[in-house]
Each structure stands twice: as C-alpha cells, then as structure tokens.
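Student: This is the structure I have questions about; it appears just below.
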Amino acid sequence: GSATTSLNELMKRKVTINGVTITPIAILEDSRCPVDVVCIQAGTVRLNVILQSGSPIDYQTLTLGTPISFAGKKITLKSVLPAKQSTVTILSSDYRFTFEVVNE
C-alpha cells in the first residue's frame with residue numbers, strides 16, 4: 001500500500017502502511033531539477049525517517065525512488081511534492097511525501 005504525509009507539525013506526520021509506521025524527520029537533500037529549467041541530471045530527494053514495525057525501530061535515509069528493506073518489507077519514497085521551481089522556495093512544511101510499503 002501507499003500513503004502521503006508531511007513534515008508539518010500541524011498535520012499527522014507519521015503514517016502506517018502495511019504494518020510499518022513511517023515518520024519523516026528531516027529533508028537532507030532536495031536536488032531535483034526545477035520544472036522550469038533544463039538540467040543535465042534529474043537530481044533527487046533524501047529524507048531522514050523513523051521506521052517502526054512492532055518493536056524494531058530504525059533510523060533510515062530514504063532516497064527518492066530507491067527501495068530499502070526493513071522488517072521483511074520493501075519501503076520506497078515514491079514521490080515528493082510540490083515540484084521544484086527555480087523562482088519558488090519550498091518551505092519544509094509544504095513538502096508532501098508519498099511512501100509505498102510492500103512485502104518482500
């Protein structure tokens with residue numbers, strides 16, 4: 001399954017998908033190419049998260065589109081919104097992260 005959450009303290013940050021609770025902590029990198037610019041590389045987003053499945057808890061860094069293994073599941077940061085634009089600064093509270101958790 002998949003679900004979307006944010007870093008915004010006013011919203012529910014943690015999300016539980018397929019038995020794994022994911023809590024975004026901090027954006028380490030947002031090097032995505034702005035949609036209004038031609039780039040040689042697409043760039044990526046790296047996000048610190050807390051993963052929990054029952055008693056196992058782990059701190060991980062998820063990279064956009066790259067799955068990791070945790071507690072018998074495959075966890076992927078599937079998308080990050082809003083799209084980056086060269087003329088707009090994205091506030092950390094404006095980010096929306098969509099995660100997917102599937103059985104390995």
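Each chain in the structure tokens gets a letter, A, B, ..., in the order shown, and its residues are numbered from 1; ligands are numbered from 1 in order too.
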Skipping near chain neighbours, those fewer than 3 positions away, what residues fall within 7 Å of Lys14 in chain A using only C-alpha atoms, listed as a list in words?

Tutor: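 My reading of the contact set: Thr5, Thr21, Ile22, Thr23 and Pro24 of chain A.
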
Student: Go ahead and write the residues just picked, C-alpha atoms, as an mmCIF file, in the first residue's frame.

Tutor:
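New file again.cif:
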```cif
data_model
loop_
_atom_site.group_PDB
_atom_site.id
_atom_site.type_symbol
_atom_site.label_atom_id
_atom_site.label_comp_id
_atom_site.auth_asym_id
_atom_site.auth_seq_id
_atom_site.Cartn_x
_atom_site.Cartn_y
_atom_site.Cartn_z
ATOM 1 C CA THR A 5 2.398 12.571 4.796
ATOM 2 C CA THR A 21 4.963 3.209 10.652
ATOM 3 C CA ILE A 22 6.992 5.889 8.860
ATOM 4 C CA THR A 23 7.751 9.242 10.492
ATOM 5 C CA PRO A 24 9.543 11.839 8.330
#
```

Student: Name all residues at most 12 Å from Ala42 in chain A (count only C-alpha atoms; drop same-chain ones fewer than 6 positions away) and give them as a PyMOL selection string.

Tutor: chain A and resi 30-35+64+84

Student: Could you check how far CA of Thr61 in chain A sits from CA of Thr87 in chain A, in Å to one decimal?

Tutor: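 Interatomic distance here is 27.6 Å.
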
Student: Smallest atom-to-atom distance to Phe70 in chain A: which of A:Asn18, A:Ser86, A:Ser2, A:Ser53, using only C-alpha atoms?

Tutor: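 Counting only C-alpha atoms, the residue closest to Phe70 in chain A is A:Ser53.
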
Student: When you draw a straight line from CA of Tyr59 in chain A to CA of Phe99 in chain A, how long is it in Å?

Tutor: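 Straight-line distance from CA of Tyr59 in chain A to CA of Phe99 in chain A works out to 15.5 Å.
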
Student: When you draw a straight line from CA of Val37 in chain A to CA of Leu62 in chain A, how long is it in Å?

Tutor: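 Pair CA of Val37 in chain A / CA of Leu62 in chain A returns 25.1 Å.
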
Student: Taking the backbone alone, and naming residues the way the document does, which bits of chain A are strand (DSSP E) by DSSP, as number ranges by chain?

Tutor: A: 2-6, 15-17, 20-30, 45-52, 57-63, 68-70, 73-81, 96-103

Student: Compile the contact shell of Ser92 in chain A as a list in words: residues with an atom at most 10 Å away, counting only C-alpha atoms, same-chain residues fewer than 6 positions apart removed.

Tutor: Ser6, Leu7, Asn8, Ala26 and Ile27 of chain A

Student: Which residues, written as a list of chain:residue names, have at least one atom at most 9 Å from Gly1 in chain A, with only C-alpha atoms counted and residues fewer than 2 positions away on the same chain left out?

Tutor: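 Contacts, in chain order: A:Ala3, A:Ile17, A:Asn18, A:Phe99, A:Glu100, A:Val101, A:Val102.
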
Student: Choose the residue, out of A:Glu29, A:Val20, A:Ser93, A:Leu77, that has the smallest atom-to-atom separation from Ile57 in chain A; count only C-alpha atoms.

Tutor: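 The shortest atom-to-atom distance to Ile57 in chain A comes from A:Val20.
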
Student: For a quick check of understanding, using only C-alpha atoms, which of A:Ile68, A:Ile90, A:Ile75, A:Val45 has the smallest distance to Thr16 in chain A?

Tutor: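 Selected residue with least distance to Thr16 in chain A: A:Ile75.
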